[in-house]
$ cat run39.json   # JSON, C-alpha atoms
[["chain", "number", "residue", "atom", "x", "y", "z"],
["A", 60, "MET", "CA", 0.00, 0.00, 0.00],
["A", 61, "SER", "CA", 1.56, 3.25, -1.17],
["A", 62, "LEU", "CA", 2.24, 6.21, 1.08],
["A", 63, "ALA", "CA", 3.03, 8.61, -1.76],
["A", 64, "ARG", "CA", 1.78, 12.17, -1.55],
["A", 65, "PRO", "CA", -2.02, 12.27, -1.72],
["A", 66, "ASP", "CA", -3.69, 13.57, -4.86],
["A", 67, "PRO", "CA", -5.71, 16.80, -4.68],
["A", 68, "LEU", "CA", -9.11, 16.43, -3.05],
["A", 69, "ARG", "CA", -11.29, 14.19, -5.09],
["A", 70, "GLY", "CA", -14.87, 13.15, -4.51],
["A", 71, "CYS", "CA", -17.06, 10.19, -5.13],
["A", 72, "ALA", "CA", -18.89, 7.70, -2.95],
["A", 73, "SER", "CA", -21.19, 4.74, -3.13],
["A", 74, "THR", "CA", -23.36, 4.32, -0.03],
["A", 75, "PRO", "CA", -25.27, 6.61, 2.34],
["A", 76, "PHE", "CA", -23.29, 5.26, 5.28],
["A", 77, "PHE", "CA", -20.33, 7.37, 4.25],
["A", 78, "LEU", "CA", -22.30, 10.43, 5.21],
["A", 79, "LEU", "CA", -21.13, 9.61, 8.70],
["A", 80, "ALA", "CA", -17.48, 9.09, 7.92],
["A", 81, "ILE", "CA", -17.00, 12.80, 7.52],
["A", 82, "TRP", "CA", -16.74, 13.88, 11.09],
["A", 83, "ILE", "CA", -13.40, 12.20, 11.19],
["A", 84, "GLY", "CA", -11.58, 15.47, 11.15],
["A", 85, "THR", "CA", -13.11, 16.94, 14.25],
["A", 86, "LEU", "CA", -11.25, 17.23, 17.51],
["A", 87, "ASN", "CA", -13.15, 18.34, 20.58],
["A", 88, "VAL", "CA", -12.11, 18.07, 24.18],
["A", 89, "GLY", "CA", -14.51, 18.54, 27.04],
["A", 90, "PRO", "CA", -14.21, 18.53, 30.82],
["A", 91, "HIS", "CA", -15.37, 14.92, 30.99],
["A", 92, "ALA", "CA", -12.43, 13.78, 28.87],
["A", 93, "VAL", "CA", -10.60, 12.33, 31.88],
["A", 94, "ALA", "CA", -11.94, 9.46, 33.93],
["A", 95, "ALA", "CA", -13.43, 10.63, 37.22],
["A", 96, "GLY", "CA", -10.90, 10.96, 39.99],
["A", 97, "GLU", "CA", -7.89, 10.44, 37.73],
["A", 98, "GLY", "CA", -7.15, 13.88, 36.40],
["A", 99, "SER", "CA", -8.46, 17.31, 35.54],
["A", 100, "PRO", "CA", -8.19, 19.14, 32.19],
["A", 101, "ALA", "CA", -6.81, 22.63, 32.06],
["A", 102, "SER", "CA", -9.01, 25.57, 31.21],
["A", 103, "LYS", "CA", -6.96, 26.32, 28.08],
["A", 104, "SER", "CA", -8.05, 24.47, 24.93],
["A", 105, "ARG", "CA", -8.17, 24.79, 21.15],
["A", 106, "THR", "CA", -11.35, 24.42, 19.13],
["A", 107, "TRP", "CA", -11.94, 23.99, 15.41],
["A", 108, "ARG", "CA", -15.27, 23.78, 13.61],
["A", 109, "TYR", "CA", -15.85, 22.15, 10.25],
["A", 110, "GLN", "CA", -18.54, 21.86, 7.62],
["A", 111, "VAL", "CA", -18.82, 18.29, 6.38],
["A", 112, "HIS", "CA", -19.34, 17.58, 2.69],
["A", 113, "TYR", "CA", -20.37, 14.42, 0.89],
["A", 114, "LEU", "CA", -21.09, 14.19, -2.85],
["A", 115, "GLY", "CA", -20.83, 17.97, -3.04],
["A", 116, "MET", "CA", -23.46, 18.56, -0.36],
["A", 117, "GLY", "CA", -23.15, 19.87, 3.17],
["A", 118, "VAL", "CA", -24.31, 17.05, 5.43],
["A", 119, "GLY", "CA", -23.24, 18.03, 8.94],
["A", 120, "GLU", "CA", -20.98, 19.89, 11.33],
["A", 121, "LEU", "CA", -17.85, 18.83, 13.17],
["A", 122, "THR", "CA", -16.44, 20.41, 16.29],
["A", 123, "VAL", "CA", -12.98, 19.64, 17.60],
["A", 124, "THR", "CA", -11.50, 20.72, 20.92],
["A", 125, "VAL", "CA", -8.13, 19.66, 22.36],
["A", 126, "SER", "CA", -6.78, 20.17, 25.87],
["A", 127, "ASP", "CA", -3.05, 19.58, 26.13],
["A", 128, "THR", "CA", -2.47, 19.97, 29.87],
["A", 129, "VAL", "CA", -4.52, 17.13, 31.30],
["A", 130, "VAL", "CA", -2.89, 15.32, 34.22],
["A", 131, "VAL", "CA", -3.56, 11.60, 34.71],
["A", 132, "ASN", "CA", -1.95, 9.81, 37.64],
["A", 133, "GLY", "CA", 0.67, 12.55, 37.81],
["A", 134, "LYS", "CA", 1.53, 12.30, 34.10],
["A", 135, "ARG", "CA", 0.89, 14.85, 31.37],
["A", 136, "ALA", "CA", -1.75, 13.72, 28.89],
["A", 137, "ARG", "CA", -3.91, 15.14, 26.10],
["A", 138, "ALA", "CA", -7.70, 14.99, 25.86],
["A", 139, "VAL", "CA", -9.25, 14.99, 22.40],
["A", 140, "ARG", "CA", -12.97, 15.17, 21.71],
["A", 141, "ILE", "CA", -14.69, 14.75, 18.35],
["A", 142, "THR", "CA", -18.37, 15.53, 17.92],
["A", 143, "MET", "CA", -20.53, 15.30, 14.83],
["A", 144, "ASN", "CA", -24.14, 16.27, 14.14],
["A", 145, "THR", "CA", -25.82, 15.60, 10.83],
["A", 146, "GLY", "CA", -27.87, 18.37, 9.29],
["A", 147, "ARG", "CA", -31.60, 18.24, 8.67],
["A", 148, "LEU", "CA", -31.41, 16.72, 5.19],
["A", 149, "ALA", "CA", -28.72, 14.15, 6.03],
["A", 150, "SER", "CA", -30.63, 13.16, 9.16],
["A", 151, "THR", "CA", -33.50, 11.92, 7.00],
["A", 152, "VAL", "CA", -31.07, 9.36, 5.60],
["A", 153, "PHE", "CA", -29.03, 8.49, 8.69],
["A", 154, "ALA", "CA", -29.25, 10.75, 11.74],
["A", 155, "VAL", "CA", -26.13, 10.97, 13.89],
["A", 156, "GLN", "CA", -25.27, 12.79, 17.11],
["A", 157, "ASN", "CA", -22.05, 11.15, 18.27],
["A", 158, "SER", "CA", -19.27, 12.22, 20.62],
["A", 159, "TYR", "CA", -15.84, 10.61, 21.04],
["A", 160, "ILE", "CA", -13.29, 11.46, 23.72],
["A", 161, "ALA", "CA", -9.80, 9.99, 23.89],
["A", 162, "VAL", "CA", -7.21, 10.66, 26.58],
["A", 163, "TYR", "CA", -3.67, 9.63, 25.69],
["A", 164, "PHE", "CA", -0.03, 10.20, 26.64],
["A", 165, "PRO", "CA", 1.78, 12.01, 23.79],
["A", 166, "GLU", "CA", 5.27, 11.07, 25.01],
["A", 167, "ASN", "CA", 4.81, 7.33, 24.49],
["A", 168, "ARG", "CA", 1.74, 7.49, 22.19],
["A", 169, "HIS", "CA", -0.39, 5.32, 24.43],
["A", 170, "LEU", "CA", -4.11, 5.46, 25.20],
["A", 171, "HIS", "CA", -5.42, 5.90, 28.70],
["A", 172, "ALA", "CA", -9.18, 5.89, 28.13],
["A", 173, "VAL", "CA", -11.88, 6.37, 25.49],
["A", 174, "THR", "CA", -15.44, 7.51, 26.15],
["A", 175, "LYS", "CA", -18.13, 7.43, 23.48],
["A", 176, "ARG", "CA", -21.70, 8.71, 23.52],
["A", 177, "ILE", "CA", -23.46, 7.30, 20.49],
["A", 178, "HIS", "CA", -26.84, 8.32, 19.13],
["A", 179, "GLN", "CA", -27.17, 7.21, 15.53],
["A", 180, "ARG", "CA", -30.08, 5.69, 13.70],
["A", 181, "ASN", "CA", -29.21, 2.06, 14.42],
["A", 182, "LEU", "CA", -27.32, 2.35, 17.71],
["A", 183, "THR", "CA", -27.45, 4.32, 20.97],
["A", 184, "GLY", "CA", -25.54, 4.08, 24.23],
["A", 185, "GLU", "CA", -22.35, 4.90, 26.11],
["A", 186, "TRP", "CA", -18.99, 3.15, 25.99],
["A", 187, "GLU", "CA", -16.09, 3.43, 28.42],
["A", 188, "ILE", "CA", -12.84, 1.77, 27.38],
["A", 189, "HIS", "CA", -9.94, 1.71, 29.84],
["A", 190, "TYR", "CA", -6.40, 0.80, 28.79],
["A", 191, "ALA", "CA", -3.76, -0.77, 31.01],
["A", 192, "GLU", "CA", -0.28, -1.85, 29.90],
["A", 193, "ARG", "CA", -1.40, -4.56, 27.45],
["A", 194, "GLN", "CA", -5.08, -4.93, 28.25],
["A", 195, "ALA", "CA", -8.27, -3.06, 27.38],
["A", 196, "LYS", "CA", -11.64, -3.26, 29.13],
["A", 197, "LEU", "CA", -14.96, -2.08, 27.72],
["A", 198, "ILE", "CA", -17.77, -1.11, 30.09],
["A", 199, "ARG", "CA", -21.30, -0.21, 29.02],
["A", 200, "PRO", "CA", -22.71, 1.68, 32.05],
["A", 201, "ALA", "CA", -26.34, 1.19, 31.01],
["A", 202, "GLN", "CA", -25.89, -2.56, 30.66],
["A", 203, "SER", "CA", -25.37, -5.16, 33.36],
["A", 204, "SER", "CA", -23.40, -7.50, 31.09],
["A", 205, "THR", "CA", -19.87, -8.61, 31.95],
["A", 206, "PRO", "CA", -17.22, -6.13, 30.73],
["A", 207, "GLN", "CA", -15.44, -7.10, 27.53],
["A", 208, "GLU", "CA", -11.65, -7.48, 27.75],
["A", 209, "TRP", "CA", -8.98, -7.99, 25.12],
["A", 210, "ALA", "CA", -5.21, -7.78, 24.66],
["A", 211, "VAL", "CA", -3.72, -4.71, 22.97],
["A", 212, "SER", "CA", -0.31, -3.67, 21.72],
["A", 213, "SER", "CA", 1.63, -1.38, 23.99],
["A", 214, "PRO", "CA", 1.82, 1.43, 23.16],
["A", 215, "CYS", "CA", -1.26, 1.95, 20.96],
["A", 216, "LEU", "CA", -3.68, 4.68, 19.89],
["A", 217, "ASP", "CA", -7.17, 4.86, 18.40],
["A", 218, "VAL", "CA", -8.28, 6.94, 15.42],
["A", 219, "VAL", "CA", -9.25, 9.95, 17.56],
["A", 220, "SER", "CA", -5.89, 10.21, 19.33],
["A", 221, "LEU", "CA", -4.07, 9.43, 16.08],
["A", 222, "LEU", "CA", -5.71, 12.43, 14.44],
["A", 223, "ASP", "CA", -4.40, 14.69, 17.19],
["A", 224, "LEU", "CA", -0.94, 13.15, 16.83],
["A", 225, "LEU", "CA", -0.91, 13.90, 13.09],
["A", 226, "VAL", "CA", -1.90, 17.52, 13.69],
["A", 227, "ASN", "CA", 0.95, 18.06, 16.13],
["A", 228, "ILE", "CA", 3.88, 16.48, 14.28],
["A", 229, "ARG", "CA", 6.17, 19.30, 13.17],
["A", 230, "HIS", "CA", 8.96, 17.28, 11.54],
["A", 231, "PRO", "CA", 9.21, 18.39, 7.89],
["A", 232, "ASP", "CA", 9.29, 14.87, 6.40],
["A", 233, "THR", "CA", 8.80, 11.67, 8.35],
["A", 234, "SER", "CA", 7.25, 8.21, 8.10],
["A", 235, "PHE", "CA", 6.44, 5.66, 10.79],
["A", 236, "THR", "CA", 3.98, 2.93, 11.81],
["A", 237, "VAL", "CA", 1.79, 3.09, 14.91],
["A", 238, "ALA", "CA", -0.33, 0.36, 16.53],
["A", 239, "ILE", "CA", -4.07, 1.12, 16.60],
["A", 240, "ASP", "CA", -6.84, -0.44, 18.69],
["A", 241, "GLN", "CA", -10.22, 0.09, 17.05],
["A", 242, "GLU", "CA", -12.34, -1.32, 19.87],
["A", 243, "ALA", "CA", -10.97, -4.88, 19.88],
["A", 244, "VAL", "CA", -9.88, -4.78, 16.23],
["A", 245, "PRO", "CA", -6.06, -4.57, 16.04],
["A", 246, "MET", "CA", -4.84, -2.30, 13.24],
["A", 247, "GLU", "CA", -1.66, -0.58, 12.11],
["A", 248, "ALA", "CA", -1.51, 2.90, 10.66],
["A", 249, "GLN", "CA", 1.25, 3.67, 8.18],
["A", 250, "VAL", "CA", 1.91, 7.37, 8.64],
["A", 251, "ARG", "CA", 3.54, 9.89, 6.32],
["A", 252, "VAL", "CA", 3.94, 13.56, 7.25],
["A", 253, "PHE", "CA", 5.27, 16.14, 4.80],
["A", 254, "ARG", "CA", 5.67, 19.85, 5.52],
["A", 255, "ASP", "CA", 7.22, 22.67, 3.50],
["A", 256, "HIS", "CA", 6.43, 26.31, 2.69],
["A", 257, "GLU", "CA", 4.06, 25.37, -0.15],
["A", 258, "ARG", "CA", 2.15, 22.31, 1.00],
["A", 259, "SER", "CA", 1.81, 20.42, 4.25],
["A", 260, "TYR", "CA", -0.18, 17.27, 4.89],
["A", 261, "ALA", "CA", -0.36, 14.13, 7.01],
["A", 262, "LEU", "CA", -1.59, 10.75, 5.80],
["A", 263, "ALA", "CA", -2.41, 7.54, 7.69],
["A", 264, "VAL", "CA", -3.29, 4.31, 5.87],
["A", 265, "PHE", "CA", -4.88, 1.57, 7.97],
["A", 266, "ARG", "CA", -4.24, -2.16, 7.68],
["A", 267, "PRO", "CA", -5.19, -5.16, 9.87],
["A", 268, "ALA", "CA", -2.65, -6.29, 12.46],
["A", 269, "GLY", "CA", -4.46, -9.41, 13.66],
["A", 270, "PRO", "CA", -7.87, -11.05, 13.94],
["A", 271, "SER", "CA", -10.82, -9.05, 15.22],
["A", 272, "ARG", "CA", -11.94, -9.77, 18.78],
["A", 273, "ARG", "CA", -15.05, -7.63, 18.58],
["A", 274, "THR", "CA", -18.30, -9.61, 18.83],
["A", 275, "TRP", "CA", -20.66, -6.67, 19.42],
["A", 276, "LYS", "CA", -22.10, -3.86, 17.33],
["A", 277, "THR", "CA", -20.26, -0.56, 17.31],
["A", 278, "ASP", "CA", -20.59, 2.94, 15.85],
["A", 279, "LEU", "CA", -19.80, 3.94, 12.27],
["A", 280, "LEU", "CA", -16.63, 5.91, 12.97],
["A", 281, "THR", "CA", -15.05, 2.98, 14.78],
["A", 282, "SER", "CA", -16.30, 0.54, 12.18],
["A", 283, "ARG", "CA", -14.99, 2.49, 9.18],
["A", 284, "PHE", "CA", -11.44, 2.64, 10.55],
["A", 285, "SER", "CA", -11.50, -1.08, 11.28],
["A", 286, "ARG", "CA", -11.25, -1.77, 7.54],
["A", 287, "ALA", "CA", -8.13, -2.41, 5.49],
["A", 288, "GLY", "CA", -7.25, 0.50, 3.25],
["A", 289, "ALA", "CA", -9.09, 3.22, 5.21],
["A", 290, "ARG", "CA", -7.25, 6.53, 4.87],
["A", 291, "LEU", "CA", -7.11, 9.56, 7.12],
["A", 292, "GLU", "CA", -5.68, 12.69, 5.48],
["A", 293, "VAL", "CA", -5.05, 16.10, 7.02],
["A", 294, "TYR", "CA", -4.17, 19.19, 4.95],
["A", 295, "PHE", "CA", -2.72, 22.19, 6.77],
["A", 296, "ASP", "CA", -3.06, 25.89, 6.03],
["A", 297, "ALA", "CA", 0.08, 27.14, 4.27],
["A", 298, "ARG", "CA", 0.17, 30.36, 6.32],
["A", 299, "ARG", "CA", -0.91, 28.77, 9.60],
["A", 300, "PRO", "CA", 0.83, 25.40, 9.95],
["A", 301, "ASP", "CA", -0.99, 24.61, 13.19],
["A", 302, "LEU", "CA", -4.40, 24.79, 11.46],
["A", 303, "PRO", "CA", -5.82, 21.53, 10.03],
["A", 304, "ARG", "CA", -7.87, 23.19, 7.30],
["A", 305, "THR", "CA", -9.11, 20.04, 5.54],
["A", 306, "ILE", "CA", -9.63, 16.56, 6.96],
["A", 307, "ARG", "CA", -10.60, 13.67, 4.74],
["A", 308, "TYR", "CA", -11.68, 10.07, 5.22],
["A", 309, "SER", "CA", -11.65, 7.70, 2.28],
["A", 310, "LEU", "CA", -11.93, 4.01, 1.55],
["A", 311, "GLY", "CA", -11.53, 3.01, -2.07],
["A", 312, "THR", "CA", -13.59, 5.46, -4.14],
["A", 313, "SER", "CA", -15.74, 6.60, -1.20],
["A", 314, "MET", "CA", -14.79, 9.85, 0.51],
["A", 315, "ALA", "CA", -16.03, 12.39, 3.04],
["A", 316, "THR", "CA", -14.43, 15.79, 3.58],
["A", 317, "ALA", "CA", -14.49, 18.28, 6.46],
["A", 318, "GLU", "CA", -13.54, 21.90, 5.69],
["A", 319, "TRP", "CA", -12.59, 24.36, 8.42],
["A", 320, "VAL", "CA", -15.01, 27.26, 8.81],
["A", 321, "GLU", "CA", -14.21, 28.86, 12.16],
["A", 322, "ARG", "CA", -11.73, 28.77, 14.99],
["A", 323, "ASP", "CA", -12.33, 29.87, 18.57]]

$ encode --input "run39.json" --output "structure tokens"
Amino acid sequence: MSLARPDPLRGCASTPFFLLAIWIGTLNVGPHAVAAGEGSPASKSRTWRYQVHYLGMGVGELTVTVSDTVVVNGKRARAVRITMNTGRLASTVFAVQNSYIAVYFPENRHLHAVTKRIHQRNLTGEWEIHYAERQAKLIRPAQSSTPQEWAVSSPCLDVVSLLDLLVNIRHPDTSFTVAIDQEAVPMEAQVRVFRDHERSYALAVFRPAGPSRRTWKTDLLTSRFSRAGARLEVYFDARRPDLPRTIRYSLGTSMATAEWVERD
């Protein structure tokens, strides 16, 4: 699978489900990003808002907020929250109001916890995933079922924390591979980051790293990045290298794009 420079933004898609893939590019961190009793986020944060496009139509909004001074068990961490709401027209096809929060340690690129609040047409509920050294545990607070546990690579990230990592890499030209846990589906992301005075981008291509251990239904964002060949692309503003102006998800010929519209 090639990690050459991405082509200019292109657009085509095949199924309505990709309406939901678009909010990939949104980072949003809230005060509940850290597990209770284990840390407290700082008041300072960065927020980006995006308009999501699919097949040339606006289908929803993304909001991304990142707090970079969270403290967990005495260690510096980052809290990243992604939210997505479909617009009125897109909601008639597949309504979505989902929120994803990941807390991770940037120094060793390892997850601490993921919280998800899912309200989409075919699935609702809350997920809490806690990561230890080489083990993950999923708890569904509204359910009395036994928690799900599985082995993970150490260190590892998920797609939400990976997005934040891509945004913050400042090396002008680098490539590496990072282990990804997509809710009991082991993946690897092949990463390429390129930055110069004319064009800057980051690209991650996903591939399986082992058999899936997930036996339950999950949300669309998690599901889409559990597939071989999924791509996450971030294009930065030439004059503001810290601004992820365009974020794109694609798989084969299907694509969803989020364009920056405001920054707080």

$ atom_distance --input "run39.json" --atom1 "CA of Tyr190 in chain A" --atom2 "CA of Arg168 in chain A"
12.4 Å

$ closest_residue --input "run39.json" --among "A:Tyr260, A:Trp107, A:Phe153, A:Trp319" --to "Leu225 in chain A" --atoms "only C-alpha atoms"
A:Tyr260

$ residues_near_point --input "run39.json" --point "(-0.7, 2.4, 10.0)" --cutoff "12 Å" --atoms "only C-alpha atoms" --output "PDB file with C-alpha atoms, keeping the file's coordinate frame"
ATOM      1  CA  MET A  60       0.000   0.000   0.000  1.00  0.00           C
ATOM      2  CA  SER A  61       1.560   3.250  -1.170  1.00  0.00           C
ATOM      3  CA  LEU A  62       2.240   6.210   1.080  1.00  0.00           C
ATOM      4  CA  CYS A 215      -1.260   1.950  20.960  1.00  0.00           C
ATOM      5  CA  LEU A 216      -3.680   4.680  19.890  1.00  0.00           C
ATOM      6  CA  ASP A 217      -7.170   4.860  18.400  1.00  0.00           C
ATOM      7  CA  VAL A 218      -8.280   6.940  15.420  1.00  0.00           C
ATOM      8  CA  LEU A 221      -4.070   9.430  16.080  1.00  0.00           C
ATOM      9  CA  LEU A 225      -0.910  13.900  13.090  1.00  0.00           C
ATOM     10  CA  SER A 234       7.250   8.210   8.100  1.00  0.00           C
ATOM     11  CA  PHE A 235       6.440   5.660  10.790  1.00  0.00           C
ATOM     12  CA  THR A 236       3.980   2.930  11.810  1.00  0.00           C
ATOM     13  CA  VAL A 237       1.790   3.090  14.910  1.00  0.00           C
ATOM     14  CA  ALA A 238      -0.330   0.360  16.530  1.00  0.00           C
ATOM     15  CA  ILE A 239      -4.070   1.120  16.600  1.00  0.00           C
ATOM     16  CA  ASP A 240      -6.840  -0.440  18.690  1.00  0.00           C
ATOM     17  CA  PRO A 245      -6.060  -4.570  16.040  1.00  0.00           C
ATOM     18  CA  MET A 246      -4.840  -2.300  13.240  1.00  0.00           C
ATOM     19  CA  GLU A 247      -1.660  -0.580  12.110  1.00  0.00           C
ATOM     20  CA  ALA A 248      -1.510   2.900  10.660  1.00  0.00           C
ATOM     21  CA  GLN A 249       1.250   3.670   8.180  1.00  0.00           C
ATOM     22  CA  VAL A 250       1.910   7.370   8.640  1.00  0.00           C
ATOM     23  CA  ARG A 251       3.540   9.890   6.320  1.00  0.00           C
ATOM     24  CA  LEU A 262      -1.590  10.750   5.800  1.00  0.00           C
ATOM     25  CA  ALA A 263      -2.410   7.540   7.690  1.00  0.00           C
ATOM     26  CA  VAL A 264      -3.290   4.310   5.870  1.00  0.00           C
ATOM     27  CA  PHE A 265      -4.880   1.570   7.970  1.00  0.00           C
ATOM     28  CA  ARG A 266      -4.240  -2.160   7.680  1.00  0.00           C
ATOM     29  CA  PRO A 267      -5.190  -5.160   9.870  1.00  0.00           C
ATOM     30  CA  ALA A 268      -2.650  -6.290  12.460  1.00  0.00           C
ATOM     31  CA  PHE A 284     -11.440   2.640  10.550  1.00  0.00           C
ATOM     32  CA  SER A 285     -11.500  -1.080  11.280  1.00  0.00           C
ATOM     33  CA  ARG A 286     -11.250  -1.770   7.540  1.00  0.00           C
ATOM     34  CA  ALA A 287      -8.130  -2.410   5.490  1.00  0.00           C
ATOM     35  CA  GLY A 288      -7.250   0.500   3.250  1.00  0.00           C
ATOM     36  CA  ALA A 289      -9.090   3.220   5.210  1.00  0.00           C
ATOM     37  CA  ARG A 290      -7.250   6.530   4.870  1.00  0.00           C
ATOM     38  CA  LEU A 291      -7.110   9.560   7.120  1.00  0.00           C
TER      39      LEU A 291
END

$ atom_distance --input "run39.json" --atom1 "CA of Pro231 in chain A" --atom2 "CA of Phe253 in chain A"
5.5 Å

$ closest_residue --input "run39.json" --among "A:Arg105, A:Lys134, A:Arg147, A:His178" --to "Leu279 in chain A" --atoms "all atoms listed in the file"
A:His178

$ closest_residue --input "run39.json" --among "A:Arg137, A:Arg298, A:Lys196, A:Arg272" --to "Ser220 in chain A" --atoms "all atoms listed in the file"
A:Arg137

$ closest_residue --input "run39.json" --among "A:Leu222, A:Val111, A:Val118, A:Ala195" --to "Ala161 in chain A" --atoms "only C-alpha atoms"
A:Leu222

$ closest_residue --input "run39.json" --among "A:Val211, A:Val139, A:Val293, A:Ile198" --to "Ile228 in chain A" --atoms "all atoms listed in the file"
A:Val293

$ atom_distance --input "run39.json" --atom1 "CA of Ser104 in chain A" --atom2 "CA of Thr281 in chain A"
24.8 Å

$ closest_residue --input "run39.json" --among "A:Val152, A:Leu302, A:Asn181, A:Val162" --to "Thr106 in chain A" --atoms "all atoms listed in the file"
A:Leu302

$ residues_near_point --input "run39.json" --point "(-24.7, 12.2, 11.2)" --cutoff "6 Å" --atoms "all atoms listed in the file" --output "ChimeraX atom specification"
/A:79,144-145,154-156

$ decode --input "run39.json" --residues "range 219-232 of chain A" --atoms "N, CA, C and O atoms" --output "JSON list (two decimals), in the first residue's frame"
[["chain", "number", "residue", "atom", "x", "y", "z"],
["A", 219, "VAL", "N", -9.08, 8.59, 17.04],
["A", 219, "VAL", "CA", -9.25, 9.95, 17.56],
["A", 219, "VAL", "C", -7.91, 10.51, 18.05],
["A", 219, "VAL", "O", -7.52, 11.63, 17.70],
["A", 220, "SER", "N", -7.19, 9.74, 18.85],
["A", 220, "SER", "CA", -5.89, 10.21, 19.33],
["A", 220, "SER", "C", -4.87, 10.27, 18.21],
["A", 220, "SER", "O", -3.99, 11.15, 18.21],
["A", 221, "LEU", "N", -4.98, 9.38, 17.22],
["A", 221, "LEU", "CA", -4.07, 9.43, 16.08],
["A", 221, "LEU", "C", -4.25, 10.74, 15.31],
["A", 221, "LEU", "O", -3.27, 11.36, 14.87],
["A", 222, "LEU", "N", -5.47, 11.17, 15.13],
["A", 222, "LEU", "CA", -5.71, 12.43, 14.44],
["A", 222, "LEU", "C", -4.99, 13.58, 15.12],
["A", 222, "LEU", "O", -4.35, 14.42, 14.49],
["A", 223, "ASP", "N", -5.08, 13.63, 16.44],
["A", 223, "ASP", "CA", -4.40, 14.69, 17.19],
["A", 223, "ASP", "C", -2.89, 14.57, 17.03],
["A", 223, "ASP", "O", -2.20, 15.59, 16.89],
["A", 224, "LEU", "N", -2.37, 13.35, 17.03],
["A", 224, "LEU", "CA", -0.94, 13.15, 16.83],
["A", 224, "LEU", "C", -0.50, 13.70, 15.48],
["A", 224, "LEU", "O", 0.52, 14.40, 15.37],
["A", 225, "LEU", "N", -1.26, 13.42, 14.43],
["A", 225, "LEU", "CA", -0.91, 13.90, 13.09],
["A", 225, "LEU", "C", -0.88, 15.42, 13.03],
["A", 225, "LEU", "O", -0.01, 16.02, 12.38],
["A", 226, "VAL", "N", -1.82, 16.06, 13.70],
["A", 226, "VAL", "CA", -1.90, 17.52, 13.69],
["A", 226, "VAL", "C", -0.68, 18.14, 14.36],
["A", 226, "VAL", "O", -0.24, 19.23, 13.97],
["A", 227, "ASN", "N", -0.11, 17.46, 15.32],
["A", 227, "ASN", "CA", 0.95, 18.06, 16.13],
["A", 227, "ASN", "C", 2.37, 17.65, 15.74],
["A", 227, "ASN", "O", 3.33, 18.11, 16.37],
["A", 228, "ILE", "N", 2.53, 16.83, 14.74],
["A", 228, "ILE", "CA", 3.88, 16.48, 14.28],
["A", 228, "ILE", "C", 4.43, 17.63, 13.46],
["A", 228, "ILE", "O", 3.81, 18.07, 12.49],
["A", 229, "ARG", "N", 5.58, 18.14, 13.84],
["A", 229, "ARG", "CA", 6.17, 19.30, 13.17],
["A", 229, "ARG", "C", 7.39, 18.93, 12.32],
["A", 229, "ARG", "O", 7.96, 19.78, 11.65],
["A", 230, "HIS", "N", 7.81, 17.68, 12.34],
["A", 230, "HIS", "CA", 8.96, 17.28, 11.54],
["A", 230, "HIS", "C", 8.63, 17.48, 10.06],
["A", 230, "HIS", "O", 7.54, 17.14, 9.61],
["A", 231, "PRO", "N", 9.54, 18.04, 9.27],
["A", 231, "PRO", "CA", 9.21, 18.39, 7.89],
["A", 231, "PRO", "C", 8.93, 17.20, 6.98],
["A", 231, "PRO", "O", 8.21, 17.32, 6.01],
["A", 232, "ASP", "N", 9.50, 16.03, 7.27],
["A", 232, "ASP", "CA", 9.29, 14.87, 6.40],
["A", 232, "ASP", "C", 9.60, 13.61, 7.19],
["A", 232, "ASP", "O", 10.76, 13.33, 7.50]]
